[in-house]
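Undergrad: Coordinates in coords.cif, mmCIF, C-alpha atoms, are listed below.
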data_entry
loop_
_atom_site.label_atom_id
_atom_site.label_comp_id
_atom_site.auth_asym_id
_atom_site.auth_seq_id
_atom_site.Cartn_x
_atom_site.Cartn_y
_atom_site.Cartn_z
CA MET D 84 -18.41 -23.88 -9.30
CA LYS D 85 -16.41 -26.29 -11.39
CA SER D 86 -13.02 -24.83 -10.60
CA ILE D 87 -13.08 -26.28 -7.09
CA THR D 88 -13.07 -29.83 -8.47
CA ARG D 89 -10.39 -29.42 -11.15
CA ARG D 90 -6.76 -29.93 -10.17
CA SER D 91 -4.75 -26.80 -10.85
CA ASN D 92 -1.64 -26.98 -13.03
CA ALA D 93 -0.31 -23.90 -11.26
CA PRO D 94 2.38 -25.83 -9.32
CA VAL D 95 4.43 -26.16 -12.52
CA PHE D 96 4.48 -22.42 -13.12
CA TRP D 97 4.58 -21.54 -9.44
CA GLY D 98 7.63 -23.80 -9.08
CA LEU D 99 9.41 -22.11 -11.99
CA PHE D 100 8.38 -18.72 -10.57
CA GLY D 101 9.75 -19.66 -7.16
CA ALA D 102 13.00 -21.02 -8.54
CA GLY D 103 13.48 -17.92 -10.71
CA GLY D 104 12.66 -15.67 -7.77
CA MET D 105 15.23 -17.35 -5.56
CA LEU D 106 17.84 -17.12 -8.29
CA ALA D 107 16.96 -13.48 -9.01
CA ALA D 108 17.27 -12.59 -5.34
CA LEU D 109 20.66 -14.31 -5.06
CA PHE D 110 22.24 -13.33 -8.38
CA GLY D 111 20.16 -10.46 -9.81
CA PRO D 112 21.69 -7.51 -7.95
CA VAL D 113 25.29 -8.67 -8.37
CA LEU D 114 24.72 -9.35 -12.08
CA VAL D 115 23.41 -5.80 -12.51
CA PHE D 116 26.44 -4.52 -10.64
CA ILE D 117 28.97 -6.54 -12.68
CA THR D 118 27.44 -6.09 -16.15
CA GLY D 119 26.02 -2.60 -15.70
CA ILE D 120 28.42 -0.79 -13.36
CA ALA D 121 31.65 -2.57 -12.41
CA VAL D 122 32.82 -3.65 -15.87
CA PRO D 123 31.74 -0.62 -17.95
CA LEU D 124 33.24 1.79 -15.40
CA GLY D 125 36.28 -0.39 -14.62
CA ILE D 126 35.48 -0.45 -10.87
CA ILE D 127 36.84 -3.48 -8.96
CA LEU D 128 36.80 -5.58 -12.12
CA PRO D 129 39.09 -4.93 -15.11
CA ALA D 130 37.39 -3.32 -18.11
CA ASP D 131 38.11 -6.34 -20.30
CA ALA D 132 36.53 -8.79 -17.84
CA MET D 133 33.61 -9.22 -20.23
CA SER D 134 35.55 -9.09 -23.47
CA TRP D 135 34.32 -11.28 -26.36
CA PRO D 136 36.94 -14.05 -26.02
CA ARG D 137 36.41 -14.31 -22.25
CA MET D 138 32.62 -14.41 -22.52
CA GLN D 139 32.78 -16.87 -25.40
CA ALA D 140 35.00 -19.18 -23.37
CA PHE D 141 32.61 -18.81 -20.43
CA ALA D 142 29.61 -19.71 -22.58
CA GLN D 143 31.44 -22.66 -24.14
CA HIS D 144 32.27 -24.28 -20.82
CA TRP D 145 29.50 -26.61 -19.61
CA ALA D 146 29.28 -24.88 -16.21
CA GLY D 147 29.09 -21.40 -17.76
CA LYS D 148 26.51 -22.65 -20.24
CA GLY D 149 24.39 -24.12 -17.44
CA LEU D 150 24.57 -20.95 -15.38
CA LEU D 151 23.66 -18.73 -18.33
CA PHE D 152 20.75 -21.01 -19.21
CA LEU D 153 19.36 -21.01 -15.67
CA VAL D 154 19.76 -17.27 -15.24
CA VAL D 155 18.07 -16.43 -18.55
CA ALA D 156 15.32 -19.07 -18.50
CA LEU D 157 14.33 -19.00 -14.83
CA PHE D 158 14.48 -15.18 -14.62
CA MET D 159 12.12 -15.17 -17.58
CA TRP D 160 9.63 -17.66 -16.09
CA HIS D 161 9.69 -15.63 -12.89
CA ALA D 162 9.14 -12.35 -14.69
CA MET D 163 6.32 -13.57 -16.94
CA HIS D 164 4.46 -15.16 -14.01
CA ARG D 165 4.73 -11.87 -12.12
CA ILE D 166 3.62 -9.85 -15.15
CA LEU D 167 0.65 -12.19 -15.65
CA HIS D 168 -0.51 -11.72 -12.06
CA SER D 169 0.21 -7.99 -11.98
CA LEU D 170 -1.91 -7.55 -15.12
CA HIS D 171 -4.62 -9.62 -13.41
CA ASP D 172 -4.55 -7.14 -10.51
CA LEU D 173 -4.96 -4.31 -13.04
CA GLY D 174 -8.04 -5.94 -14.51
CA VAL D 175 -6.60 -8.07 -17.32
CA ARG D 176 -7.98 -11.43 -16.27
CA ALA D 177 -5.31 -14.14 -16.06
CA GLY D 178 -7.37 -16.54 -18.16
CA THR D 179 -6.18 -19.17 -20.58
CA ALA D 180 -5.28 -16.70 -23.34
CA MET D 181 -3.15 -14.54 -21.04
CA GLN D 182 -1.49 -17.64 -19.61
CA PHE D 183 -0.59 -18.85 -23.08
CA ALA D 184 0.75 -15.40 -23.98
CA CYS D 185 2.85 -14.90 -20.83
CA TYR D 186 4.15 -18.41 -20.32
CA GLY D 187 4.54 -18.68 -24.11
CA VAL D 188 7.01 -15.79 -24.06
CA ALA D 189 8.92 -17.50 -21.25
CA LEU D 190 8.97 -20.77 -23.17
CA LEU D 191 10.10 -18.99 -26.35
CA VAL D 192 12.97 -17.29 -24.53
CA THR D 193 13.92 -20.62 -22.94
CA ILE D 194 14.07 -22.24 -26.39
CA LEU D 195 16.04 -19.31 -27.85
CA ALA D 196 18.50 -19.42 -24.95
CA THR D 197 18.97 -23.15 -25.43
CA TRP D 198 19.51 -22.69 -29.16
CA ALA D 199 21.98 -19.80 -28.70
CA LEU D 200 23.99 -21.65 -26.07
CA MET D 201 24.13 -24.80 -28.17
CA ALA D 202 25.07 -22.83 -31.31
CA LEU D 203 28.10 -21.44 -29.45
CA GLY D 204 29.52 -24.96 -29.23
CA PHE D 205 31.68 -26.50 -26.53
CA MET V 237 -29.64 4.73 25.37
CA ALA V 238 -30.75 8.33 25.83
CA GLU V 239 -28.63 8.67 28.97
CA THR V 240 -25.46 8.04 26.95
CA THR V 241 -25.74 11.54 25.46
CA GLY V 242 -24.04 12.89 28.59
CA ASN V 243 -20.84 14.56 27.42
CA GLY V 244 -22.34 16.34 24.43
CA LYS V 245 -20.12 14.73 21.77
CA VAL V 246 -21.72 14.00 18.43
CA VAL V 247 -20.41 11.88 15.57
CA ARG V 248 -21.83 11.80 12.07
CA ILE V 249 -22.25 8.20 10.96
CA GLU V 250 -22.67 7.80 7.22
CA VAL V 251 -24.28 4.48 6.46
CA LEU V 252 -24.51 2.76 3.10
CA ARG V 253 -28.22 2.07 2.71
CA TYR V 254 -29.80 -0.37 0.30
CA ARG V 255 -33.37 -1.57 0.49
CA PRO V 256 -33.88 -3.73 -2.59
CA GLU V 257 -37.65 -3.16 -2.73
CA GLN V 258 -37.31 0.62 -3.07
CA ASP V 259 -33.69 1.61 -3.87
CA GLU V 260 -32.23 1.37 -7.37
CA GLU V 261 -28.73 1.26 -5.93
CA PRO V 262 -26.94 1.73 -2.60
CA PHE V 263 -26.54 5.30 -1.30
CA LEU V 264 -25.01 6.97 1.76
CA GLN V 265 -27.30 8.30 4.48
CA GLY V 266 -25.91 10.37 7.36
CA TYR V 267 -27.04 10.36 10.99
CA ASP V 268 -25.84 12.58 13.85
CA VAL V 269 -25.27 10.32 16.82
CA PRO V 270 -24.47 11.52 20.35
CA PHE V 271 -21.80 9.32 21.88
CA THR V 272 -19.52 8.69 24.84
CA ASP V 273 -15.95 7.46 24.66
CA ASP V 274 -16.89 3.90 25.56
CA MET V 275 -19.27 3.49 22.61
CA SER V 276 -18.45 1.20 19.71
CA VAL V 277 -19.51 1.75 16.12
CA LEU V 278 -22.04 -1.05 16.69
CA GLN V 279 -23.54 0.89 19.59
CA GLY V 280 -23.70 3.90 17.28
CA LEU V 281 -25.69 1.85 14.77
CA GLN V 282 -27.94 0.57 17.56
CA TYR V 283 -28.57 4.18 18.60
CA ILE V 284 -29.62 4.97 15.05
CA LYS V 285 -31.97 1.98 14.91
CA ASP V 286 -33.47 2.67 18.34
CA TRP V 287 -33.81 6.45 18.16
CA LEU V 288 -33.37 7.82 14.66
CA ASP V 289 -34.32 5.32 11.95
CA GLY V 290 -35.83 1.94 12.70
CA THR V 291 -35.50 0.81 9.07
CA LEU V 292 -31.71 0.38 9.28
CA SER V 293 -30.62 -3.28 9.01
CA PHE V 294 -27.37 -4.79 10.27
CA ARG V 295 -26.23 -8.06 11.81
CA TRP V 296 -24.94 -8.27 15.35
CA SER V 297 -25.08 -10.54 18.32
CA CYS V 298 -22.39 -10.83 20.98
CA ARG V 299 -20.94 -7.25 21.16
CA MET V 300 -17.52 -8.67 22.07
CA ALA V 301 -15.77 -10.00 18.96
CA ILE V 302 -16.80 -13.60 19.51
CA CYS V 303 -19.70 -14.15 17.13
CA GLY V 304 -18.31 -12.61 13.94
CA SER V 305 -21.65 -11.09 12.90
CA CYS V 306 -20.90 -7.37 12.71
CA GLY V 307 -18.13 -7.30 10.10
CA MET V 308 -18.43 -4.20 7.90
CA MET V 309 -16.33 -1.64 6.05
CA ILE V 310 -15.55 1.17 8.50
CA ASP V 311 -13.92 4.13 6.77
CA GLY V 312 -12.99 1.70 4.00
CA GLU V 313 -11.38 -0.94 6.21
CA PRO V 314 -12.90 -4.32 7.02
CA ARG V 315 -13.51 -4.28 10.78
CA LEU V 316 -15.85 -5.60 13.44
CA ALA V 317 -18.24 -2.80 14.43
CA CYS V 318 -18.19 -4.00 18.05
CA LYS V 319 -14.40 -3.79 18.23
CA THR V 320 -14.12 -0.32 16.67
CA PHE V 321 -14.77 2.74 18.81
CA LEU V 322 -16.46 6.00 17.84
CA ARG V 323 -13.84 7.96 19.83
CA ASP V 324 -11.22 6.88 17.28
CA PHE V 325 -12.71 9.08 14.56
CA PRO V 326 -11.65 12.54 15.69
CA ALA V 327 -12.76 14.14 12.41
CA GLY V 328 -16.28 13.61 13.67
CA THR V 329 -17.52 11.47 10.79
CA VAL V 330 -17.30 7.78 10.11
CA ARG V 331 -18.46 5.92 7.00
CA VAL V 332 -19.98 2.50 7.48
CA GLU V 333 -20.63 0.21 4.50
CA ALA V 334 -21.48 -3.41 3.84
CA LEU V 335 -18.48 -5.76 3.62
CA ALA V 336 -16.67 -5.43 0.30
CA HIS V 337 -16.75 -8.26 -2.28
CA PHE V 338 -20.13 -9.63 -1.17
CA PRO V 339 -23.59 -9.05 -2.59
CA ILE V 340 -25.69 -6.80 -0.36
CA GLU V 341 -28.87 -8.37 1.01
CA ARG V 342 -30.05 -5.17 2.69
CA ASP V 343 -28.20 -2.14 4.12
CA LEU V 344 -25.19 -3.55 6.01
CA VAL V 345 -26.30 -7.17 5.70
CA ILE V 346 -24.39 -9.19 3.09
CA ARG V 347 -25.15 -12.56 1.53
CA MET V 348 -22.68 -15.15 2.76
CA ASP V 349 -24.06 -18.13 0.77
CA ASP V 350 -20.82 -18.44 -1.21
CA PHE V 351 -18.73 -18.71 1.93
CA LEU V 352 -21.07 -21.22 3.55
CA ALA V 353 -21.11 -23.44 0.45
CA LYS V 354 -17.30 -23.48 0.43
CA LEU V 355 -17.20 -24.08 4.18
CA GLU V 356 -19.32 -27.21 3.78
CA ARG V 357 -17.02 -28.55 1.07
CA ILE V 358 -13.89 -28.54 3.23
CA LYS V 359 -15.62 -30.68 5.91
CA PRO V 360 -14.73 -28.37 8.80
CA TYR V 361 -14.71 -31.02 11.48
CA ILE V 362 -12.31 -33.71 12.61
CA ILE V 363 -12.58 -36.93 10.64
CA PRO V 364 -10.71 -39.36 12.89
CA LYS V 365 -7.70 -41.22 11.52
CA GLU V 366 -8.75 -44.32 13.42
CA ALA V 367 -12.06 -45.20 14.96
CA ARG V 368 -11.88 -45.55 18.72
CA THR V 369 -14.40 -47.03 21.09
CA LEU V 370 -15.44 -45.18 24.24
CA ALA V 371 -13.50 -47.73 26.26
CA GLN V 372 -10.30 -46.73 24.48
CA GLY V 373 -10.66 -43.21 25.83
CA GLU V 374 -9.93 -39.80 24.36
CA TYR V 375 -7.83 -38.90 21.36
CA LEU V 376 -4.76 -37.56 23.10
CA GLN V 377 -2.67 -34.68 21.78
CA THR V 378 0.59 -33.14 22.96
CA PRO V 379 0.96 -29.37 23.49
CA ALA V 380 3.28 -29.32 20.46
CA GLU V 381 0.61 -30.97 18.32
CA LEU V 382 -1.91 -28.40 19.54
CA ASP V 383 0.43 -25.49 18.73
CA VAL V 384 0.53 -26.45 15.07
CA TYR V 385 -3.13 -25.59 14.46
CA GLU V 386 -4.40 -23.70 17.50
CA GLN V 387 -4.30 -20.15 16.11
CA PHE V 388 -6.22 -21.24 13.01
CA SER V 389 -9.02 -22.57 15.21
CA SER V 390 -9.74 -19.02 16.41
CA CYS V 391 -11.54 -18.13 13.17
CA ILE V 392 -15.05 -16.76 13.83
CA ASN V 393 -16.18 -16.69 10.17
CA CYS V 394 -16.56 -12.90 10.23
CA LEU V 395 -15.43 -12.62 6.58
CA LEU V 396 -13.20 -9.57 7.16
CA CYS V 397 -10.39 -11.43 5.38
CA TYR V 398 -12.61 -11.90 2.32
CA ALA V 399 -13.38 -8.18 2.21
CA ALA V 400 -9.61 -7.57 2.50
CA CYS V 401 -8.56 -10.04 -0.22
CA PRO V 402 -8.11 -8.38 -3.63
CA GLN V 403 -7.96 -11.79 -5.32
CA TYR V 404 -11.32 -12.85 -3.90
CA GLY V 405 -12.67 -9.51 -5.12
CA LEU V 406 -11.40 -10.23 -8.65
CA ASN V 407 -12.38 -13.89 -8.70
CA PRO V 408 -15.02 -15.04 -6.22
CA GLU V 409 -14.43 -18.67 -7.19
CA PHE V 410 -11.22 -18.49 -5.11
CA VAL V 411 -11.93 -20.40 -1.88
CA GLY V 412 -10.34 -17.49 -0.05
CA PRO V 413 -8.30 -16.85 3.10
CA GLY V 414 -10.79 -17.85 5.82
CA ILE V 415 -11.63 -21.19 4.23
CA MET V 416 -7.93 -21.93 3.81
CA ALA V 417 -7.27 -21.11 7.48
CA LEU V 418 -10.04 -23.50 8.50
CA LEU V 419 -8.97 -26.17 6.03
CA HIS V 420 -5.49 -25.96 7.48
CA ARG V 421 -6.83 -26.04 11.03
CA TYR V 422 -8.24 -29.54 10.41
CA ASN V 423 -5.48 -30.82 8.13
CA ALA V 424 -2.84 -29.87 10.68
CA ASP V 425 -4.67 -31.60 13.52
CA SER V 426 -2.89 -34.78 14.60
CA ARG V 427 -6.25 -36.49 15.23
CA ASP V 428 -7.56 -35.87 11.73
CA GLY V 429 -7.23 -38.25 8.80
CA ALA V 430 -8.94 -36.44 5.91
CA ALA V 431 -6.13 -34.16 4.77
CA ALA V 432 -5.80 -35.81 1.34
CA GLU V 433 -9.47 -35.16 0.64
CA ARG V 434 -9.25 -31.51 1.69
CA MET V 435 -6.04 -31.02 -0.31
CA GLU V 436 -8.08 -31.66 -3.47
CA ILE V 437 -9.74 -28.31 -2.76
CA ALA V 438 -6.52 -26.53 -1.76
CA GLY V 439 -4.84 -27.73 -4.96
CA SER V 440 -7.82 -27.06 -7.23
CA GLU V 441 -8.20 -24.20 -9.69
CA ALA V 442 -10.20 -22.41 -6.99
CA GLY V 443 -7.49 -23.12 -4.43
CA VAL V 444 -4.33 -21.63 -2.96
CA PHE V 445 -2.66 -20.63 -6.22
CA ASN V 446 -5.13 -17.77 -6.67
CA CYS V 447 -3.36 -16.03 -3.79
CA THR V 448 -0.72 -13.44 -4.70
CA ALA V 449 0.61 -13.09 -1.16
CA VAL V 450 -0.83 -9.65 -0.41
CA GLY V 451 -1.19 -10.51 3.27
CA TYR V 452 -3.94 -8.00 4.08
CA CYS V 453 -6.18 -10.90 5.21
CA SER V 454 -3.92 -11.55 8.19
CA GLU V 455 -3.71 -7.84 9.02
CA VAL V 456 -7.46 -7.34 9.33
CA CYS V 457 -8.22 -10.56 11.24
CA PRO V 458 -9.76 -9.53 14.59
CA LYS V 459 -8.81 -12.89 16.15
CA HIS V 460 -5.11 -12.84 15.15
CA VAL V 461 -5.48 -15.79 12.82
CA ASP V 462 -2.91 -15.79 10.03
CA PRO V 463 -4.78 -16.99 6.91
CA ALA V 464 -1.93 -15.87 4.65
CA ASN V 465 0.31 -18.33 6.45
CA ALA V 466 -2.24 -21.13 6.01
CA VAL V 467 -2.37 -20.36 2.28
CA ASN V 468 1.42 -20.30 1.98
CA GLN V 469 1.92 -23.59 3.80
CA ASN V 470 -0.64 -25.19 1.55
CA LYS V 471 0.88 -23.80 -1.64
CA THR V 472 3.97 -25.80 -0.80
CA ARG V 473 1.95 -28.84 0.18
CA ALA V 474 -0.31 -28.66 -2.90
CA ALA V 475 2.75 -28.32 -5.14
CA GLY V 476 4.27 -31.33 -3.39
CA ASP V 477 1.08 -33.34 -3.95
CA TYR V 478 1.04 -32.29 -7.60
CA PHE V 479 4.49 -33.68 -8.34
CA LEU V 480 4.62 -36.55 -5.85
CA ARG V 481 1.54 -38.26 -7.29
CA PHE V 482 3.71 -39.30 -10.25
CA ILE V 483 6.17 -41.01 -7.92
CA THR V 484 4.22 -42.52 -5.05
CA PRO V 485 1.38 -44.92 -5.86
CA LYS V 486 -1.09 -43.18 -3.54
CA GLY V 487 0.69 -39.87 -3.27
CA GLY V 488 -1.07 -36.58 -3.72
CA ALA V 489 -4.72 -35.85 -3.51
CA ARG V 490 -5.95 -37.65 -6.61
#
Please re-express this file's structure in structure tokens.

TA:
Amino acid sequence: MKSITRRSNAPVFWGLFGAGGMLAALFGPVLVFITGIAVPLGIILPADAMSWPRMQAFAQHWAGKGLLFLVVALFMWHAMHRILHSLHDLGVRAGTAMQFACYGVALLVTILATWALMALGF
Amino acid sequence: MAETTGNGKVVRIEVLRYRPEQDEEPFLQGYDVPFTDDMSVLQGLQYIKDWLDGTLSFRWSCRMAICGSCGMMIDGEPRLACKTFLRDFPAGTVRVEALAHFPIERDLVIRMDDFLAKLERIKPYIIPKEARTLAQGEYLQTPAELDVYEQFSSCINCLLCYAACPQYGLNPEFVGPGIMALLHRYNADSRDGAAAERMEIAGSEAGVFNCTAVGYCSEVCPKHVDPANAVNQNKTRAAGDYFLRFITPKGGAR
């Protein structure tokens, strides 16, 4: 049983999973409400709250950029970790290949989010 | 035993049989057992062995949830046979099988070699922080220091939590809930000084991060130990060790 003597690298992914989970619990529901219900239906918030110029300005401000990055990247690390382990429960062993696939998607989305946010300028 | 047939109640006990020298694979065999309301499933099995079929094998010793020998699957749930009563199966049948996730040695007897090998590795005994001579007296501990680990010391190695753990079922390399409860019992003891050594196991690839927080281990524990809590506390600690070793010269386990 070699695995008992090898240090696990799981804390890196578990940490990202935990951070994403915390963020999802705090911001997830309200983001669904704002982007999916309140703005499209014009409830509470004005219908143009998410208009292009407003959202562009939001994404160009350093604070807005940071928030968008954290929400997209950490949600993704959280989701892919959960998918990896749910698939494991269904019989798809969470071996090296599956870890590369799942965390690879999260890393790819993180890179894309970084690129998109940077491309929008300040 | 014959006098316990008094009130005329009969339960059908279906037992998973497996005798490696003659059976290709395990199969269910039913026995009609007369019982009284004070009889446990273990007593039902003893009735079978004494009166109906002497070839039936199962482990038992204390009859009172102390020894941890009679863990088995009872109607699909990991339970101690001595702590489960025949009167609680009003349908009149109860299915008794060897503990899930372990190789069957014979009938209801499982092989626990894997557990024992892991148990040895965590050094389940106090390794004193400082050597003391007899003249210096006992290692003293406050009630608060006792509270931190006391519940974890109630583990009787019955393996019900292993039969309950889906992750151990999928990957038997996982050290599992019971071992983590015992590891934590010693690491959390104020008199012990070997936590760093044991954390190498908690933080290994066979360690705590195999757990997906199902929590069924703590539900089935007959001694009210909370192995899921031990695992969770050590996830945080193992993660701390992982990152802190880069900062502190002797931080972390390795």

Undergrad: Could you check which residues have any atom within 10 Å of (-9.6, -32.7, -12.0), counting only C-alpha atoms with coordinates taken straight from the file, and then list them as an MDAnalysis selection string?

TA: (chainID D and resid 85:92) or (chainID V and resid 436 439:441 490)

Undergrad: If the cut-off is 7 Å, can you tell me the residues of chain V near chain D, counting only C-alpha atoms? I'd like them as a PyMOL selection string.

TA: chain V and resi 409+437+439-443+445+475+478

Undergrad: Let me make sure I understand: among V:Ala353, V:Ala417, V:Met435, V:Ala336, which one has the smallest atom-to-atom distance to V:Glu386 if we use only C-alpha atoms?

TA: V:Ala417

Undergrad: Between V:Leu418, V:Cys391, V:Ile249, V:Cys447, which one has atoms that come closest to V:Val461, using all atoms listed in the file?

TA: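 For V:Val461, the nearest of the candidates is V:Cys391.
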
Undergrad: As an exercise, work out the distance from atom CA of V:Ser297 to atom CA of V:Val456 in Å and give it to one decimal place.

TA: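 Distance reported for this atom pair: 20.0 Å.
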
Undergrad: For a cutoff of 7 Å around the file-coordinate point (-11.9, -26.3, 6.0), which residues qualify once you count all atoms listed in the file? I'd like the result as a PyMOL selection string.

TA: chain V and resi 355+358-360+415-416+418-420+422

Undergrad: Which centre and which edge lengths, in Å to one decimal, describe the axis-aligned box that holds all listed atoms of stretch 115-126 of chain D after 6 Å is added on each side, as AutoDock Vina command-line options?

TA:
--center_x 29.8 --center_y -2.4 --center_z -14.3 --size_x 24.9 --size_y 20.3 --size_z 19.3

Undergrad: Excluding D:Thr193 and any residue of its chain fewer than 2 positions from it, enumerate the residues within 8 Å of it, using only C-alpha atoms, and give them as a list in words.

TA: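 Once the adjacent positions are removed, what remains is Phe152, Val155, Ala156, Met159, Ala189, Leu190, Leu191, Leu195, Ala196 and Thr197 of chain D.
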
Undergrad: Restricting the calculation to all atoms listed in the file, which member of V:Lys245, V:Arg331, V:Arg473, V:His460 is positioned closest to V:Asp274?

TA: V:Lys245

Undergrad: With a distance cut-off of 7 Å and all atoms listed in the file, select the neighbouring residues of V:Val444, excluding the residue or stretch itself and same-chain residues fewer than 6 positions from it, and output the selection as a ChimeraX atom specification.

TA: /V:438,467,470-471

Undergrad: Would you mind reading off the distance between atom CA of V:Ala432 and atom CA of V:Lys459, one decimal, in Å?

TA: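 A separation of 27.5 Å between them.
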
Undergrad: Distance atom CA of V:Cys457-atom CA of V:Pro262, one decimal place?

TA: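 Interatomic distance, atom CA of V:Cys457 to atom CA of V:Pro262: 26.3 Å.
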
Undergrad: Is it possible to add N, CA and C atoms to stretch 403-421 of chain V and hand it back as a PDB file, in the coordinates of the input?

TA:
ATOM      1  N   GLN V 403      -7.770 -10.671  -4.376  1.00  0.00           N
ATOM      2  CA  GLN V 403      -7.960 -11.790  -5.320  1.00  0.00           C
ATOM      3  C   GLN V 403      -9.365 -12.355  -5.222  1.00  0.00           C
ATOM      4  N   TYR V 404      -9.934 -12.410  -4.021  1.00  0.00           N
ATOM      5  CA  TYR V 404     -11.320 -12.850  -3.900  1.00  0.00           C
ATOM      6  C   TYR V 404     -12.244 -11.833  -4.580  1.00  0.00           C
ATOM      7  N   GLY V 405     -11.882 -10.554  -4.470  1.00  0.00           N
ATOM      8  CA  GLY V 405     -12.670  -9.510  -5.120  1.00  0.00           C
ATOM      9  C   GLY V 405     -12.669  -9.664  -6.631  1.00  0.00           C
ATOM     10  N   LEU V 406     -11.517 -10.083  -7.197  1.00  0.00           N
ATOM     11  CA  LEU V 406     -11.400 -10.230  -8.650  1.00  0.00           C
ATOM     12  C   LEU V 406     -12.012 -11.538  -9.127  1.00  0.00           C
ATOM     13  N   ASN V 407     -11.911 -12.568  -8.299  1.00  0.00           N
ATOM     14  CA  ASN V 407     -12.380 -13.890  -8.700  1.00  0.00           C
ATOM     15  C   ASN V 407     -13.028 -14.612  -7.527  1.00  0.00           C
ATOM     16  N   PRO V 408     -14.341 -14.460  -7.379  1.00  0.00           N
ATOM     17  CA  PRO V 408     -15.020 -15.040  -6.220  1.00  0.00           C
ATOM     18  C   PRO V 408     -15.049 -16.564  -6.201  1.00  0.00           C
ATOM     19  N   GLU V 409     -14.532 -17.205  -7.239  1.00  0.00           N
ATOM     20  CA  GLU V 409     -14.430 -18.670  -7.190  1.00  0.00           C
ATOM     21  C   GLU V 409     -13.303 -19.097  -6.235  1.00  0.00           C
ATOM     22  N   PHE V 410     -12.321 -18.229  -6.045  1.00  0.00           N
ATOM     23  CA  PHE V 410     -11.220 -18.490  -5.110  1.00  0.00           C
ATOM     24  C   PHE V 410     -11.820 -18.860  -3.744  1.00  0.00           C
ATOM     25  N   VAL V 411     -11.362 -19.988  -3.170  1.00  0.00           N
ATOM     26  CA  VAL V 411     -11.930 -20.400  -1.880  1.00  0.00           C
ATOM     27  C   VAL V 411     -11.662 -19.364  -0.792  1.00  0.00           C
ATOM     28  N   GLY V 412     -10.568 -18.628  -0.927  1.00  0.00           N
ATOM     29  CA  GLY V 412     -10.340 -17.490  -0.050  1.00  0.00           C
ATOM     30  C   GLY V 412      -9.593 -17.791   1.235  1.00  0.00           C
ATOM     31  N   PRO V 413      -9.174 -16.707   1.931  1.00  0.00           N
ATOM     32  CA  PRO V 413      -8.300 -16.850   3.100  1.00  0.00           C
ATOM     33  C   PRO V 413      -8.938 -17.591   4.275  1.00  0.00           C
ATOM     34  N   GLY V 414     -10.169 -17.237   4.645  1.00  0.00           N
ATOM     35  CA  GLY V 414     -10.790 -17.850   5.820  1.00  0.00           C
ATOM     36  C   GLY V 414     -10.962 -19.345   5.658  1.00  0.00           C
ATOM     37  N   ILE V 415     -11.444 -19.759   4.487  1.00  0.00           N
ATOM     38  CA  ILE V 415     -11.630 -21.190   4.230  1.00  0.00           C
ATOM     39  C   ILE V 415     -10.287 -21.909   4.293  1.00  0.00           C
ATOM     40  N   MET V 416      -9.239 -21.282   3.769  1.00  0.00           N
ATOM     41  CA  MET V 416      -7.930 -21.930   3.810  1.00  0.00           C
ATOM     42  C   MET V 416      -7.404 -22.054   5.239  1.00  0.00           C
ATOM     43  N   ALA V 417      -7.684 -21.036   6.074  1.00  0.00           N
ATOM     44  CA  ALA V 417      -7.270 -21.110   7.480  1.00  0.00           C
ATOM     45  C   ALA V 417      -7.976 -22.273   8.168  1.00  0.00           C
ATOM     46  N   LEU V 418      -9.270 -22.424   7.866  1.00  0.00           N
ATOM     47  CA  LEU V 418     -10.040 -23.500   8.500  1.00  0.00           C
ATOM     48  C   LEU V 418      -9.655 -24.860   7.953  1.00  0.00           C
ATOM     49  N   LEU V 419      -9.428 -24.920   6.649  1.00  0.00           N
ATOM     50  CA  LEU V 419      -8.970 -26.170   6.030  1.00  0.00           C
ATOM     51  C   LEU V 419      -7.664 -26.622   6.695  1.00  0.00           C
ATOM     52  N   HIS V 420      -6.776 -25.648   6.876  1.00  0.00           N
ATOM     53  CA  HIS V 420      -5.490 -25.960   7.480  1.00  0.00           C
ATOM     54  C   HIS V 420      -5.640 -26.360   8.952  1.00  0.00           C
ATOM     55  N   ARG V 421      -6.603 -25.716   9.628  1.00  0.00           N
ATOM     56  CA  ARG V 421      -6.830 -26.040  11.030  1.00  0.00           C
ATOM     57  C   ARG V 421      -7.124 -27.543  11.206  1.00  0.00           C
TER      58      ARG V 421
END
